[in-house]
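**Student:** Contents of upload_27.txt (compact mmCIF, C-alpha atoms):
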# COMPACT_ATOMS: atom_id res chain seq x y z
CA MET A 19 83.49 83.65 134.03
CA ARG A 20 84.55 80.19 132.89
CA ARG A 21 82.23 80.53 129.88
CA HIS A 22 84.22 83.58 128.78
CA SER A 23 87.74 82.19 129.23
CA SER A 24 89.69 79.79 127.03
CA PHE A 25 90.98 78.17 130.24
CA ARG A 26 87.36 77.35 131.18
CA ILE A 27 88.08 78.45 134.74
CA GLY A 28 86.68 81.28 136.86
CA GLY A 29 83.88 82.23 139.22
CA PRO A 30 81.07 84.73 138.57
CA ALA A 31 81.41 88.49 138.16
CA ASP A 32 78.95 90.78 139.94
CA TYR A 33 78.05 92.33 136.59
CA PHE A 34 78.74 91.35 132.98
CA PHE A 35 78.02 93.31 129.83
CA ALA A 36 78.86 92.56 126.18
CA ALA A 37 79.12 95.81 124.20
CA ARG A 38 78.32 95.53 120.48
CA SER A 39 78.67 99.22 119.59
CA LEU A 40 80.92 102.11 120.57
CA LYS A 41 77.88 103.85 122.04
CA GLU A 42 77.34 100.90 124.38
CA MET A 43 81.04 100.93 125.33
CA ARG A 44 80.91 104.60 126.27
CA SER A 45 77.63 104.21 128.19
CA CYS A 46 78.97 101.26 130.15
CA LEU A 47 82.15 103.10 131.14
CA ARG A 48 80.10 106.07 132.33
CA PHE A 49 77.88 103.68 134.32
CA VAL A 50 80.81 102.18 136.21
CA GLN A 51 82.31 105.62 136.76
CA GLU A 52 79.11 106.98 138.25
CA GLY A 53 78.71 103.93 140.46
CA SER A 54 82.40 103.77 141.41
CA LEU A 55 82.44 100.15 140.28
CA PRO A 56 85.67 98.28 139.62
CA TYR A 57 85.71 97.05 136.02
CA TYR A 58 87.84 95.12 133.58
CA VAL A 59 87.60 95.00 129.78
CA ILE A 60 88.05 91.69 127.98
CA GLY A 61 87.95 90.43 124.42
CA LEU A 62 87.66 86.73 123.63
CA GLY A 63 89.07 85.74 127.03
CA THR A 64 92.14 83.96 125.66
CA ASN A 65 95.30 83.87 127.76
CA MET A 66 93.22 85.12 130.70
CA LEU A 67 92.79 83.30 134.01
CA PHE A 68 89.89 84.34 136.24
CA ALA A 69 89.94 83.63 139.98
CA ASP A 70 87.65 80.94 141.36
CA ASN A 71 85.90 83.55 143.52
CA GLY A 72 85.11 85.63 140.43
CA PHE A 73 85.31 89.40 140.03
CA ARG A 74 83.77 91.96 142.36
CA GLY A 75 82.68 94.51 139.83
CA LEU A 76 81.79 94.61 136.14
CA ILE A 77 83.37 92.66 133.30
CA LEU A 78 82.93 94.54 130.01
CA LYS A 79 83.32 92.33 126.95
CA ASN A 80 84.25 94.24 123.81
CA GLU A 81 82.36 92.78 120.85
CA VAL A 82 82.61 95.90 118.68
CA ARG A 83 83.96 94.57 115.38
CA GLY A 84 84.83 95.79 111.91
CA ILE A 85 87.72 96.10 109.42
CA ASN A 86 88.29 98.41 106.48
CA GLN A 87 91.14 99.85 104.45
CA THR A 88 91.82 103.53 105.07
CA ARG A 89 93.48 106.19 102.94
CA GLY A 90 97.05 105.32 102.13
CA GLU A 91 98.31 102.10 100.62
CA GLY A 92 98.45 99.24 103.09
CA ARG A 93 96.68 101.02 105.95
CA VAL A 94 94.01 98.92 107.64
CA ALA A 95 91.65 100.09 110.40
CA ALA A 96 90.22 97.48 112.76
CA LEU A 97 87.90 97.90 115.74
CA ALA A 98 89.40 96.44 118.88
CA GLY A 99 86.75 93.75 119.43
CA THR A 100 87.56 92.20 116.04
CA PRO A 101 89.06 88.70 116.30
CA LEU A 102 92.72 88.84 115.32
CA ALA A 103 92.05 85.90 112.99
CA ASP A 104 89.63 88.10 111.01
CA LEU A 105 92.32 90.74 110.54
CA VAL A 106 94.76 88.08 109.32
CA SER A 107 92.15 86.76 106.85
CA PHE A 108 91.39 90.28 105.63
CA ALA A 109 95.08 90.92 104.99
CA LEU A 110 95.31 87.75 102.91
CA GLU A 111 92.21 88.63 100.89
CA GLU A 112 93.59 92.10 100.14
CA GLY A 113 97.10 90.84 99.39
CA LEU A 114 98.67 92.71 102.32
CA GLU A 115 101.72 91.27 104.04
CA GLY A 116 103.38 91.84 107.38
CA ILE A 117 100.90 90.18 109.71
CA GLU A 118 101.51 86.55 108.72
CA PHE A 119 103.13 85.92 112.12
CA ALA A 120 99.70 86.32 113.76
CA SER A 121 98.22 83.23 112.06
CA GLY A 122 96.75 81.09 114.80
CA ILE A 123 97.18 83.64 117.60
CA PRO A 124 93.84 83.70 119.45
CA GLY A 125 92.06 86.71 120.89
CA THR A 126 91.03 90.12 119.61
CA VAL A 127 92.89 92.97 117.96
CA GLY A 128 92.57 95.00 121.16
CA GLY A 129 93.95 92.14 123.24
CA ALA A 130 96.88 91.79 120.85
CA VAL A 131 97.73 95.48 121.30
CA PHE A 132 97.29 95.23 125.08
CA GLY A 133 99.87 92.44 125.34
CA ASN A 134 101.92 93.31 122.24
CA ALA A 135 101.24 89.83 120.93
CA GLY A 136 103.80 88.34 118.63
CA ALA A 137 105.55 85.28 117.26
CA TRP A 138 108.56 84.34 115.15
CA GLY A 139 110.37 87.59 115.90
CA THR A 140 107.55 90.02 115.01
CA SER A 141 105.02 91.71 117.29
CA ILE A 142 101.81 93.66 116.73
CA GLY A 143 103.36 96.89 118.03
CA GLN A 144 105.73 96.95 115.07
CA LEU A 145 102.75 97.25 112.70
CA LEU A 146 100.54 99.61 114.70
CA GLU A 147 100.43 103.16 113.36
CA GLY A 148 97.89 104.64 115.74
CA ALA A 149 94.73 104.01 117.75
CA VAL A 150 91.70 105.53 119.41
CA ILE A 151 91.41 104.97 123.16
CA LEU A 152 88.70 105.53 125.75
CA ASP A 153 89.43 106.78 129.25
CA GLU A 154 87.47 105.78 132.35
CA ARG A 155 84.82 108.43 131.61
CA GLY A 156 84.27 107.26 128.05
CA ASN A 157 86.17 110.14 126.42
CA GLU A 158 87.96 109.39 123.14
CA THR A 159 91.56 110.28 122.29
CA ARG A 160 93.50 109.50 119.10
CA VAL A 161 97.10 108.51 119.83
CA GLY A 162 100.19 107.34 117.95
CA LYS A 163 102.02 104.07 118.54
CA ASP A 164 104.56 105.71 120.89
CA HIS A 165 101.76 106.21 123.41
CA PHE A 166 101.77 102.47 124.12
CA GLU A 167 105.47 102.19 125.04
CA PHE A 168 105.63 98.71 123.54
CA GLY A 169 108.03 96.17 124.99
CA TYR A 170 108.34 92.43 124.92
CA ARG A 171 104.74 91.19 125.41
CA ASP A 172 104.03 94.48 127.11
CA SER A 173 102.38 97.86 126.60
CA SER A 174 101.51 100.85 128.75
CA LEU A 175 97.87 99.67 128.70
CA LYS A 176 98.78 97.20 131.43
CA ARG A 177 99.53 100.13 133.73
CA ARG A 178 96.82 102.59 132.66
CA HIS A 179 93.05 102.30 132.88
CA LEU A 180 92.55 102.98 129.17
CA THR A 181 90.65 100.95 126.59
CA VAL A 182 91.58 100.63 122.92
CA ILE A 183 88.52 100.88 120.66
CA GLU A 184 90.05 101.30 117.19
CA THR A 185 93.43 100.58 115.63
CA VAL A 186 95.24 101.44 112.40
CA PHE A 187 97.98 99.16 111.04
CA LYS A 188 100.48 99.79 108.28
CA LEU A 189 100.92 96.73 106.09
CA ARG A 190 102.37 96.47 102.59
CA LYS A 191 101.29 95.04 99.26
CA GLY A 192 102.56 91.55 98.57
CA ASP A 193 102.00 88.37 96.62
CA LYS A 194 98.90 86.47 97.82
CA GLY A 195 100.47 83.08 97.15
CA ARG A 196 103.55 83.90 99.19
CA ILE A 197 101.46 85.43 101.99
CA LYS A 198 99.21 82.35 102.21
CA ALA A 199 102.18 79.98 102.19
CA LYS A 200 103.77 81.84 105.11
CA MET A 201 100.49 81.92 107.04
CA ASP A 202 99.97 78.18 106.51
CA GLU A 203 103.53 77.48 107.65
CA ASN A 204 103.13 79.55 110.83
CA LEU A 205 99.74 77.98 111.56
CA ALA A 206 101.16 74.47 111.22
CA ARG A 207 104.03 75.33 113.58
CA ARG A 208 101.57 76.71 116.11
CA LYS A 209 99.25 73.68 115.94
CA SER A 210 101.98 71.03 116.11
CA PRO A 211 102.36 70.90 119.95
CA CYS A 212 98.59 70.70 120.55
CA PRO A 213 97.76 67.24 121.98
CA SER A 214 94.20 67.12 120.59
CA PRO A 215 91.62 69.61 119.26
CA LYS A 216 89.12 68.13 121.75
CA MET A 217 91.27 69.00 124.77
CA ALA A 218 91.37 72.33 126.60
CA TYR A 219 94.78 73.65 125.65
CA ALA A 220 96.48 76.79 126.93
CA GLY A 221 99.00 76.97 124.12
CA SER A 222 102.43 78.52 124.45
CA PHE A 223 102.13 81.65 126.57
CA PHE A 224 105.27 81.66 128.74
CA LYS A 225 107.19 84.93 128.60
CA ASN A 226 110.88 84.61 127.89
CA PRO A 227 112.72 86.28 130.82
CA VAL A 228 114.79 89.32 129.89
CA LEU A 229 118.10 89.81 131.72
CA PRO A 230 119.30 93.27 132.86
CA ASP A 231 121.62 93.47 129.85
CA GLY A 232 118.67 92.94 127.51
CA THR A 233 119.42 89.29 126.71
CA ARG A 234 116.26 87.20 126.38
CA MET A 235 116.30 83.68 127.81
CA ALA A 236 114.14 80.91 126.34
CA ALA A 237 111.46 80.04 128.91
CA GLY A 238 111.15 76.50 127.54
CA ARG A 239 114.84 75.82 128.02
CA LEU A 240 114.74 77.08 131.61
CA LEU A 241 111.74 74.84 132.36
CA GLU A 242 113.57 71.84 130.92
CA LYS A 243 116.60 72.57 133.12
CA VAL A 244 114.51 72.42 136.30
CA GLY A 245 112.74 69.25 135.14
CA ALA A 246 109.34 70.85 134.52
Any chance you could give the structure as structure tokens?

**Tutor:**
Amino acid sequence: MRRHSSFRIGGPADYFFAARSLKEMRSCLRFVQEGSLPYYVIGLGTNMLFADNGFRGLILKNEVRGINQTRGEGRVAALAGTPLADLVSFALEEGLEGIEFASGIPGTVGGAVFGNAGAWGTSIGQLLEGAVILDERGNETRVGKDHFEFGYRDSSLKRRHLTVIETVFKLRKGDKGRIKAKMDENLARRKSPCPSPKMAYAGSFFKNPVLPDGTRMAAGRLLEKVGA
């Protein structure tokens, strides 16, 4: 699996399938259900560490991609296998603001929803209006954002065997120049710690611990205190 992970680490899976259509996604899920196979759905494999002994089951890679504006000003539908970078670029082209924070965040739209990806005080769950999910048998259900129980870098998808296949986000009309300037600023901030483009780099993916009273501690500061 090292070829499918940004960490470039991981042993082989028993089975691997890259789905390029929703029909293939449904068929694959029915296949694993009928064969009682363990499975795991991935996107671009960013922020994902596979074990050296691999995965005993099937890895399903979602490569089902597409973006379009839906009815209602600022509403954008994106298939879950779409790279998040493509959604950010689409928003800029259409003059839609709200997702500038995602500039430079790797992975797919589905992965961003799974982990409630975010930066600079904004997360993807704040923009999500609804989604279509697949259960283990390949059955579709349309749900609202509350279904995902978003928290800090968290969603209910981490505790349920459900797969997001389509998303709808609510953005707003804005000035293209201002949107691009903010995206460029965020991208520069994200790239600044990277030692070299030629090096394998995990990026900043530490979760800030949340205390019982809801206070969030800075993970970087805690690491500095222990001399890491």

**Student:** With distances taken over all atoms listed in the file, which of A:Ile142, A:Leu55, A:Leu47, A:Ile197 is nearest to A:Tyr170?

**Tutor:**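 Going through A:Ile142, A:Leu55, A:Leu47, A:Ile197 one by one, the smallest distance to A:Tyr170 is for A:Ile142.
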
**Student:** What gap, in Å, lies between atom CA of A:Gly192 and atom CA of A:Gln87?

**Tutor:**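 About the pair atom CA of A:Gly192 and atom CA of A:Gln87: they are 15.3 Å apart.
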
**Student:** Can you measure atom CA of A:Ile151 to atom CA of A:Ile183 for me? One decimal in Å is fine.

**Tutor:**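 Answer for the atom CA of A:Ile151 to atom CA of A:Ile183 separation: 5.6 Å.
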
**Student:** Compile the contact shell of stretch 62-67 of chain A as a ChimeraX atom specification: residues with an atom at most 7 Å away, counting only C-alpha atoms, same-chain residues fewer than 2 positions apart removed.

**Tutor:** /A:22-25,27,60,69,124-126

**Student:** If you measure from atom CA of A:Thr159 to atom CA of A:Leu180, what distance in Å do you get, rounded to one decimal?

**Tutor:**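 So the answer is 10.1 Å.
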
**Student:** Using all atoms listed in the file for the distances, tell me which of A:Asp202, A:Glu42, A:Glu52, A:Asp70 is nearest to A:Arg20.

**Tutor:**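 Using all atoms listed in the file, A:Arg20 sits closest to A:Asp70.
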
**Student:** Closest to A:Thr100 among A:Gly113, A:Asn80, A:Ala120, A:Asn226, using only C-alpha atoms?

**Tutor:**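 Once distances to A:Thr100 are computed over only C-alpha atoms, the minimum belongs to A:Asn80.
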
**Student:** As JSON, what would the box around stretch 127-137 of chain A look like: edges along x, y and z, 8 Å added on every side, centre and edge lengths in Å to one decimal?

**Tutor:**
{"center_x": 99.1, "center_y": 90.4, "center_z": 121.3, "size_x": 29.0, "size_y": 26.2, "size_z": 24.1}

**Student:** Point out the residue among A:Gln51, A:Asn71, A:Ser121, A:Thr185 with the least atom-to-atom distance to A:Gly84, counting only C-alpha atoms.

**Tutor:**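 Closest to A:Gly84, using only C-alpha atoms: A:Thr185.
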
**Student:** Using only C-alpha atoms, find the one residue out of A:Gly28, A:Gly245, A:Gly162, A:Gly92 that sits nearest to A:Lys188.

**Tutor:**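 Among the listed residues, A:Gly92 lies closest to A:Lys188.
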
**Student:** Which residues, written as a count of residues only, have at least one atom at most 7 Å from A:Tyr58, with all atoms listed in the file counted and residues fewer than 3 positions away on the same chain left out?

**Tutor:** 3

**Student:** Pick from A:Ser39, A:Lys209, A:Met19, A:Leu110: nearest to A:Ile123, with only C-alpha atoms counted?

**Tutor:**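 That would be A:Lys209, the residue with the smallest distance to A:Ile123.
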
**Student:** With only C-alpha atoms as the counted atoms, please give the residues lying no more than 12 Å from A:Leu240, apart from itself and same-chain residues fewer than 5 positions off, as a VMD selection string.

**Tutor:** chain A and resid 224 to 227 234 to 235 245 to 246

**Student:** Would you kindly return, as an mmCIF file with C-alpha atoms, keeping the file's coordinate frame, each protein, DNA or RNA residue with an atom no farther than 12 Å from any atom of A:Leu146, considering only C-alpha atoms and excluding same-chain residues fewer than 5 positions away?

**Tutor:**
data_model
loop_
_atom_site.group_PDB
_atom_site.id
_atom_site.type_symbol
_atom_site.label_atom_id
_atom_site.label_comp_id
_atom_site.auth_asym_id
_atom_site.auth_seq_id
_atom_site.Cartn_x
_atom_site.Cartn_y
_atom_site.Cartn_z
ATOM 1 C CA GLY A 92 98.450 99.240 103.090
ATOM 2 C CA ARG A 93 96.680 101.020 105.950
ATOM 3 C CA VAL A 94 94.010 98.920 107.640
ATOM 4 C CA ALA A 95 91.650 100.090 110.400
ATOM 5 C CA ALA A 96 90.220 97.480 112.760
ATOM 6 C CA GLY A 116 103.380 91.840 107.380
ATOM 7 C CA ILE A 117 100.900 90.180 109.710
ATOM 8 C CA VAL A 127 92.890 92.970 117.960
ATOM 9 C CA GLY A 128 92.570 95.000 121.160
ATOM 10 C CA ALA A 130 96.880 91.790 120.850
ATOM 11 C CA VAL A 131 97.730 95.480 121.300
ATOM 12 C CA PHE A 132 97.290 95.230 125.080
ATOM 13 C CA ASN A 134 101.920 93.310 122.240
ATOM 14 C CA ALA A 135 101.240 89.830 120.930
ATOM 15 C CA THR A 140 107.550 90.020 115.010
ATOM 16 C CA SER A 141 105.020 91.710 117.290
ATOM 17 C CA VAL A 161 97.100 108.510 119.830
ATOM 18 C CA GLY A 162 100.190 107.340 117.950
ATOM 19 C CA LYS A 163 102.020 104.070 118.540
ATOM 20 C CA ASP A 164 104.560 105.710 120.890
ATOM 21 C CA HIS A 165 101.760 106.210 123.410
ATOM 22 C CA PHE A 166 101.770 102.470 124.120
ATOM 23 C CA GLU A 167 105.470 102.190 125.040
ATOM 24 C CA PHE A 168 105.630 98.710 123.540
ATOM 25 C CA GLU A 184 90.050 101.300 117.190
ATOM 26 C CA THR A 185 93.430 100.580 115.630
ATOM 27 C CA VAL A 186 95.240 101.440 112.400
ATOM 28 C CA PHE A 187 97.980 99.160 111.040
ATOM 29 C CA LYS A 188 100.480 99.790 108.280
ATOM 30 C CA LEU A 189 100.920 96.730 106.090
#

**Student:** Tell me which protein, DNA and RNA residues are within 7 Å of A:Arg160, counting all atoms listed in the file, leaving out same-chain ones fewer than 2 positions away, and put them as number ranges by chain.

**Tutor:** A: 149-151, 158
